[in-house]
Amino acid sequence: MNKIIKVALDGPSGSGKSTIAKALSKKLDILYLDTGAMYRATALKALKLGIDTFDEKGVLTFIDNIDLEIKYIDGAQHTFLDKEDVSEKIREPQVSMAASNISSLKCVRLKMVEMQRKIASETSCVLDGRDIGSFVLPNADYKFYIEASVEVRADRRFKELSLKGHKVDFEELKKEIEQRDYNDRHRDFAPLVKAEGAIEIDTSFMTIEQVVNKVISFIE
């Protein structure tokens with residue numbers, strides 16, 4: 001691509017935005033930055049330190065100097081916390097909920113956004129999250145809002161965790177997703193919203209390929 005472009009994909013947990021963002025980055029041959037992994041790693045740090053993920057004063061004790069790195073190894077993003085590759089650990093169920101909690105804290109979002117904006121200013125990229133188009137990159141060239149029903153999102157998560165050997169209850173998983181949605185939409189700072197000018201796509205009954213092709217059709 002001749003110029004640096006920024007693509008923002010927002011939406012609730014489990015809507016498919018991360019999967020779509022990864023596929024999109026390959027099709028466009030641009031960087032994919034998994035912003036959710038950054039929040040998950042921050043939550044993991046708090047859990048390791050025994051700090052409540054809603055405790056802003058506690059989180060402030062480490063957030064400014066957090067040793068968090070995003071590296072690209074063999075075409076995949078790896079997340080390093082305190083020099084340890086935690087790419088698998090941050091996907092565990094307890095970290096998912098903790099990440100939703102800690103991402104509501106202003107000090108955390110400001111730190112993560114600072115890191116994300118720096119990366120986006122240097123290279124063409126696709127970012128996905130809750131507030132990419134509305135707050136992180138309000139001047140993104142292309143903005144999309146990726147949606148799906150709670151039932152579909154819970155089913156996707158259930159299958160994903162089951163394949164990894166985690167024992168989960170579908171109804172509990174559904175309640176957890178609903179709680180995460182509520183947390184994300186009602187936090188005081190940079191809540192989950194459909195950014196102004198964003199194109200909404202409901203992925204409930206679409207394949208990944210169909211969604212990616214639809215997104216690319218708008219970009220082209």
# chains A, B, ... in the order shown; residues from 1 in each chain; ligands from 1

call {"tool": "closest_atom_pairs", "arguments": {"of": "region 74-115 of chain A", "to": "region 5-15 of chain A", "cutoff": "12 Å", "atoms": "only C-alpha atoms", "output": "tab-separated table"}}
result
residue	atom	partner	partner_atom	distance
A:Ser96	CA	A:Ser13	CA	9.7
A:Met97	CA	A:Ser13	CA	10.6
A:Ala99	CA	A:Ser13	CA	11.2
A:Ser100	CA	A:Ser13	CA	9.4

call {"tool": "residues_around", "arguments": {"residues": "Ser217 (chain A)", "least_positions_apart": "2", "cutoff": "12 Å", "atoms": "only C-alpha atoms", "output": "list of chain:residue names"}}
result
A:Leu24, A:Lys27, A:Leu28, A:Tyr142, A:Ile199, A:Gln210, A:Val211, A:Val212, A:Asn213, A:Lys214, A:Val215, A:Ile219, A:Glu220

call {"tool": "write_last_selection", "arguments": {"atoms": "all heavy atoms", "output": "CSV table (one decimal), in the first residue's frame"}}
result
chain,number,residue,atom,x,y,z
A,24,LEU,N,-8.2,-10.1,7.8
A,24,LEU,CA,-8.2,-8.8,7.0
A,24,LEU,C,-6.7,-8.4,6.8
A,24,LEU,O,-6.3,-7.9,5.8
A,24,LEU,CB,-9.0,-7.8,7.7
A,24,LEU,CG,-9.3,-6.5,6.9
A,24,LEU,CD1,-10.1,-6.8,5.7
A,24,LEU,CD2,-10.1,-5.5,7.9
A,27,LYS,N,-5.1,-10.4,4.1
A,27,LYS,CA,-5.6,-10.0,2.8
A,27,LYS,C,-5.0,-8.7,2.3
A,27,LYS,O,-4.7,-8.5,1.1
A,27,LYS,CB,-7.1,-9.9,2.8
A,27,LYS,CG,-7.8,-11.3,2.9
A,27,LYS,CD,-8.4,-11.6,1.5
A,27,LYS,CE,-9.3,-12.8,1.6
A,27,LYS,NZ,-9.9,-13.2,0.3
A,28,LEU,N,-4.9,-7.7,3.2
A,28,LEU,CA,-4.4,-6.4,2.9
A,28,LEU,C,-2.9,-6.3,3.0
A,28,LEU,O,-2.3,-5.3,2.7
A,28,LEU,CB,-5.1,-5.3,3.7
A,28,LEU,CG,-6.6,-5.2,3.6
A,28,LEU,CD1,-7.1,-4.2,4.6
A,28,LEU,CD2,-7.0,-4.8,2.2
A,142,TYR,N,-10.9,3.7,8.0
A,142,TYR,CA,-12.1,2.9,7.8
A,142,TYR,C,-12.5,2.4,9.2
A,142,TYR,O,-11.7,1.9,10.0
A,142,TYR,CB,-11.8,1.7,6.9
A,142,TYR,CG,-11.2,2.1,5.6
A,142,TYR,CD1,-9.8,2.1,5.4
A,142,TYR,CD2,-12.0,2.5,4.6
A,142,TYR,CE1,-9.3,2.5,4.2
A,142,TYR,CE2,-11.5,2.9,3.3
A,142,TYR,CZ,-10.1,2.9,3.2
A,142,TYR,OH,-9.6,3.3,2.0
A,199,ILE,N,-19.4,1.4,9.8
A,199,ILE,CA,-20.3,0.5,9.1
A,199,ILE,C,-20.6,-0.7,10.0
A,199,ILE,O,-19.6,-1.4,10.4
A,199,ILE,CB,-19.7,0.0,7.8
A,199,ILE,CG1,-19.5,1.3,6.9
A,199,ILE,CG2,-20.5,-1.0,7.1
A,199,ILE,CD1,-18.5,1.0,5.7
A,210,GLN,N,-17.1,-14.5,4.3
A,210,GLN,CA,-18.1,-13.5,3.9
A,210,GLN,C,-18.0,-12.2,4.5
A,210,GLN,O,-18.1,-11.1,3.9
A,210,GLN,CB,-19.5,-14.1,4.2
A,210,GLN,CG,-20.0,-15.2,3.3
A,210,GLN,CD,-21.3,-15.9,3.8
A,210,GLN,OE1,-21.6,-15.9,5.0
A,210,GLN,NE2,-22.0,-16.4,2.9
A,211,VAL,N,-17.6,-12.2,5.8
A,211,VAL,CA,-17.5,-10.9,6.6
A,211,VAL,C,-16.2,-10.2,6.0
A,211,VAL,O,-16.3,-9.0,5.8
A,211,VAL,CB,-17.3,-11.1,8.1
A,211,VAL,CG1,-17.1,-9.8,8.8
A,211,VAL,CG2,-18.6,-11.8,8.6
A,212,VAL,N,-15.1,-10.9,5.9
A,212,VAL,CA,-13.9,-10.3,5.4
A,212,VAL,C,-14.1,-9.7,4.0
A,212,VAL,O,-13.7,-8.6,3.7
A,212,VAL,CB,-12.7,-11.3,5.4
A,212,VAL,CG1,-11.5,-10.8,4.7
A,212,VAL,CG2,-12.4,-11.7,6.8
A,213,ASN,N,-14.8,-10.4,3.1
A,213,ASN,CA,-15.0,-9.9,1.8
A,213,ASN,C,-15.9,-8.7,1.8
A,213,ASN,O,-15.7,-7.7,1.0
A,213,ASN,CB,-15.7,-11.0,0.9
A,213,ASN,CG,-14.7,-12.1,0.5
A,213,ASN,OD1,-13.5,-11.9,0.6
A,213,ASN,ND2,-15.2,-13.3,0.2
A,214,LYS,N,-16.8,-8.6,2.7
A,214,LYS,CA,-17.7,-7.5,2.8
A,214,LYS,C,-16.9,-6.3,3.3
A,214,LYS,O,-17.1,-5.2,2.8
A,214,LYS,CB,-18.9,-7.8,3.8
A,214,LYS,CG,-19.9,-6.7,3.8
A,214,LYS,CD,-21.2,-7.1,4.5
A,214,LYS,CE,-22.3,-6.1,4.4
A,214,LYS,NZ,-23.6,-6.5,5.0
A,215,VAL,N,-16.0,-6.5,4.3
A,215,VAL,CA,-15.2,-5.4,4.8
A,215,VAL,C,-14.3,-4.8,3.7
A,215,VAL,O,-14.2,-3.6,3.5
A,215,VAL,CB,-14.4,-5.8,6.0
A,215,VAL,CG1,-13.3,-4.8,6.4
A,215,VAL,CG2,-15.3,-6.1,7.2
A,219,ILE,N,-13.6,-1.1,1.8
A,219,ILE,CA,-12.2,-0.5,1.7
A,219,ILE,C,-11.8,-0.2,0.3
A,219,ILE,O,-11.3,0.9,0.0
A,219,ILE,CB,-11.2,-1.4,2.4
A,219,ILE,CG1,-11.5,-1.4,3.9
A,219,ILE,CG2,-9.8,-0.9,2.2
A,219,ILE,CD1,-10.6,-2.3,4.7
A,220,GLU,N,-12.1,-1.2,-0.6
A,220,GLU,CA,-11.7,-1.0,-2.0
A,220,GLU,C,-12.6,0.0,-2.7
A,220,GLU,O,-12.2,0.7,-3.6
A,220,GLU,CB,-11.8,-2.3,-2.7
A,220,GLU,CG,-10.7,-3.3,-2.3
A,220,GLU,CD,-10.8,-4.6,-3.0
A,220,GLU,OE1,-11.9,-5.0,-3.5
A,220,GLU,OE2,-9.8,-5.4,-3.0

call {"tool": "residues_around", "arguments": {"residues": "Glu178 (chain A)", "least_positions_apart": "6", "cutoff": "10 Å", "atoms": "only C-alpha atoms", "output": "number ranges by chain"}}
result
A: 12-13, 150-151, 154, 172, 184

call {"tool": "write_last_selection", "arguments": {"atoms": "N, CA and C atoms", "output": "JSON list (two decimals), in the first residue's frame"}}
result
[["chain", "number", "residue", "atom", "x", "y", "z"],
["A", 12, "PRO", "N", -18.71, -6.03, 20.55],
["A", 12, "PRO", "CA", -18.70, -6.74, 21.83],
["A", 12, "PRO", "C", -17.88, -8.01, 21.79],
["A", 13, "SER", "N", -17.65, -8.58, 22.96],
["A", 13, "SER", "CA", -16.88, -9.81, 23.10],
["A", 13, "SER", "C", -17.52, -10.95, 22.31],
["A", 150, "VAL", "N", -26.09, -12.55, 21.49],
["A", 150, "VAL", "CA", -25.47, -13.13, 22.69],
["A", 150, "VAL", "C", -25.41, -14.64, 22.58],
["A", 151, "GLU", "N", -26.48, -15.27, 22.08],
["A", 151, "GLU", "CA", -26.53, -16.73, 21.95],
["A", 151, "GLU", "C", -25.44, -17.24, 21.02],
["A", 154, "ALA", "N", -22.00, -16.77, 22.70],
["A", 154, "ALA", "CA", -21.78, -17.75, 23.78],
["A", 154, "ALA", "C", -21.46, -19.12, 23.18],
["A", 172, "GLU", "N", -23.78, -20.31, 32.15],
["A", 172, "GLU", "CA", -22.87, -19.44, 32.91],
["A", 172, "GLU", "C", -22.04, -18.58, 31.95],
["A", 184, "ASP", "N", -18.67, -3.19, 29.50],
["A", 184, "ASP", "CA", -18.05, -2.47, 28.39],
["A", 184, "ASP", "C", -18.87, -1.26, 27.94]]

call {"tool": "select_by_dssp", "arguments": {"residues": "region 16-207 of chain A", "states": "strand (DSSP E)", "output": "count of residues only"}}
result
33

call {"tool": "residues_around", "arguments": {"residues": "Asn65 (chain A)", "least_positions_apart": "3", "cutoff": "12 Å", "atoms": "only C-alpha atoms", "output": "compact mmCIF listing (two decimals) with N, CA, C and O atoms, in the first residue's frame"}}
result
# COMPACT_ATOMS: atom_id res chain seq x y z
N THR A 42 -2.41 -7.10 31.02
CA THR A 42 -2.47 -6.19 32.16
C THR A 42 -3.28 -6.81 33.30
O THR A 42 -2.91 -6.73 34.47
N LYS A 45 -1.27 -9.47 35.01
CA LYS A 45 -0.29 -8.86 35.91
C LYS A 45 -0.95 -8.55 37.26
O LYS A 45 -0.38 -8.85 38.33
N VAL A 59 -3.86 -0.81 40.81
CA VAL A 59 -3.34 -0.95 39.44
C VAL A 59 -2.33 0.16 39.12
O VAL A 59 -1.35 -0.06 38.40
N LEU A 60 -2.55 1.34 39.69
CA LEU A 60 -1.62 2.46 39.47
C LEU A 60 -0.21 2.17 39.98
O LEU A 60 0.75 2.79 39.53
N THR A 61 -0.09 1.20 40.88
CA THR A 61 1.24 0.88 41.43
C THR A 61 2.15 0.20 40.40
O THR A 61 3.36 0.17 40.58
N PHE A 62 1.55 -0.34 39.32
CA PHE A 62 2.39 -1.02 38.33
C PHE A 62 2.18 -0.58 36.89
O PHE A 62 3.03 -0.83 36.02
N LEU A 68 5.43 -4.82 29.15
CA LEU A 68 4.53 -5.46 28.19
C LEU A 68 5.04 -5.22 26.79
O LEU A 68 5.28 -4.09 26.39
N GLU A 69 5.23 -6.31 26.05
CA GLU A 69 5.74 -6.21 24.68
C GLU A 69 4.89 -7.03 23.73
O GLU A 69 4.41 -8.11 24.08
N LEU A 81 4.84 -10.64 28.90
CA LEU A 81 4.68 -9.92 30.16
C LEU A 81 5.86 -10.28 31.06
O LEU A 81 6.08 -11.46 31.33
N ASP A 82 6.61 -9.28 31.46
CA ASP A 82 7.81 -9.51 32.27
C ASP A 82 8.73 -10.53 31.60
O ASP A 82 9.24 -11.47 32.22
N VAL A 108 -5.52 2.50 32.97
CA VAL A 108 -5.16 1.37 32.09
C VAL A 108 -5.40 1.74 30.64
O VAL A 108 -4.54 1.53 29.77
N LYS A 111 -2.82 4.19 29.24
CA LYS A 111 -1.52 3.56 28.99
C LYS A 111 -1.56 2.72 27.71
O LYS A 111 -0.66 2.78 26.87
N MET A 112 -2.60 1.91 27.57
CA MET A 112 -2.71 1.05 26.40
C MET A 112 -2.88 1.87 25.11
O MET A 112 -2.29 1.57 24.08

call {"tool": "closest_atom_pairs", "arguments": {"of": "region 22-136 of chain A", "to": "region 155-164 of chain A", "cutoff": "12 Å", "atoms": "only C-alpha atoms", "output": "CSV"}}
result
residue,atom,partner,partner_atom,distance
A:Glu88,CA,A:Lys164,CA,10.6
A:Arg91,CA,A:Leu161,CA,9.3
A:Glu92,CA,A:Leu161,CA,8.5
A:Pro93,CA,A:Leu161,CA,8.3
A:Ser96,CA,A:Arg157,CA,11.2

call {"tool": "atom_distance", "arguments": {"atom1": "CA of Ser103 (chain A)", "atom2": "CA of Tyr145 (chain A)"}}
result
18.9 Å

call {"tool": "atom_distance", "arguments": {"atom1": "CA of Leu110 (chain A)", "atom2": "CA of Lys175 (chain A)"}}
result
28.5 Å

call {"tool": "residues_around", "arguments": {"residues": "Glu84 (chain A)", "least_positions_apart": "5", "cutoff": "12 Å", "atoms": "only C-alpha atoms", "output": "ChimeraX atom specification"}}
result
/A:41,44-45,67-71,78-79,89-90

call {"tool": "residues_around", "arguments": {"residues": "Glu196 (chain A)", "least_positions_apart": "4", "cutoff": "9 Å", "atoms": "only C-alpha atoms", "output": "mmCIF file with N, CA, C and O atoms, in the first residue's frame"}}
result
data_model
loop_
_atom_site.group_PDB
_atom_site.id
_atom_site.type_symbol
_atom_site.label_atom_id
_atom_site.label_comp_id
_atom_site.auth_asym_id
_atom_site.auth_seq_id
_atom_site.Cartn_x
_atom_site.Cartn_y
_atom_site.Cartn_z
ATOM 1 N N GLY A 133 -12.456 2.942 17.061
ATOM 2 C CA GLY A 133 -12.939 4.013 16.185
ATOM 3 C C GLY A 133 -13.435 5.238 16.912
ATOM 4 O O GLY A 133 -13.403 6.352 16.376
ATOM 5 N N SER A 134 -13.882 5.063 18.152
ATOM 6 C CA SER A 134 -14.440 6.191 18.908
ATOM 7 C C SER A 134 -13.396 6.942 19.724
ATOM 8 O O SER A 134 -13.532 8.133 19.958
ATOM 9 N N PRO A 138 -9.741 7.854 16.405
ATOM 10 C CA PRO A 138 -10.961 8.506 15.890
ATOM 11 C C PRO A 138 -10.837 8.960 14.440
ATOM 12 O O PRO A 138 -11.845 9.158 13.766
ATOM 13 N N LYS A 143 -13.829 2.482 9.495
ATOM 14 C CA LYS A 143 -14.363 2.053 10.784
ATOM 15 C C LYS A 143 -15.510 1.057 10.584
ATOM 16 O O LYS A 143 -16.392 1.282 9.758
#

call {"tool": "closest_residue", "arguments": {"among": "A:Phe170, A:Phe135, A:Phe218, A:Phe144", "to": "Ala198 (chain A)", "atoms": "only C-alpha atoms"}}
result
A:Phe144

call {"tool": "select_by_dssp", "arguments": {"residues": "region 85-215 of chain A", "states": "alpha helix (DSSP H)", "output": "ChimeraX atom specification"}}
result
/A:93-102,106-122,150-163,170-186,208-215

call {"tool": "closest_residue", "arguments": {"among": "A:Asn183, A:Thr203, A:Ser25, A:Ser149", "to": "Ala76 (chain A)", "atoms": "only C-alpha atoms"}}
result
A:Ser25

call {"tool": "atom_distance", "arguments": {"atom1": "CA of Thr35 (chain A)", "atom2": "CA of Gly197 (chain A)"}}
result
21.2 Å

call {"tool": "closest_residue", "arguments": {"among": "A:Met115, A:Ile177, A:Ile20, A:Val86", "to": "Asp64 (chain A)", "atoms": "only C-alpha atoms"}}
result
A:Met115

call {"tool": "closest_residue", "arguments": {"among": "A:Ile119, A:Leu127, A:Cys107, A:Ile102", "to": "Tyr32 (chain A)", "atoms": "only C-alpha atoms"}}
result
A:Leu127
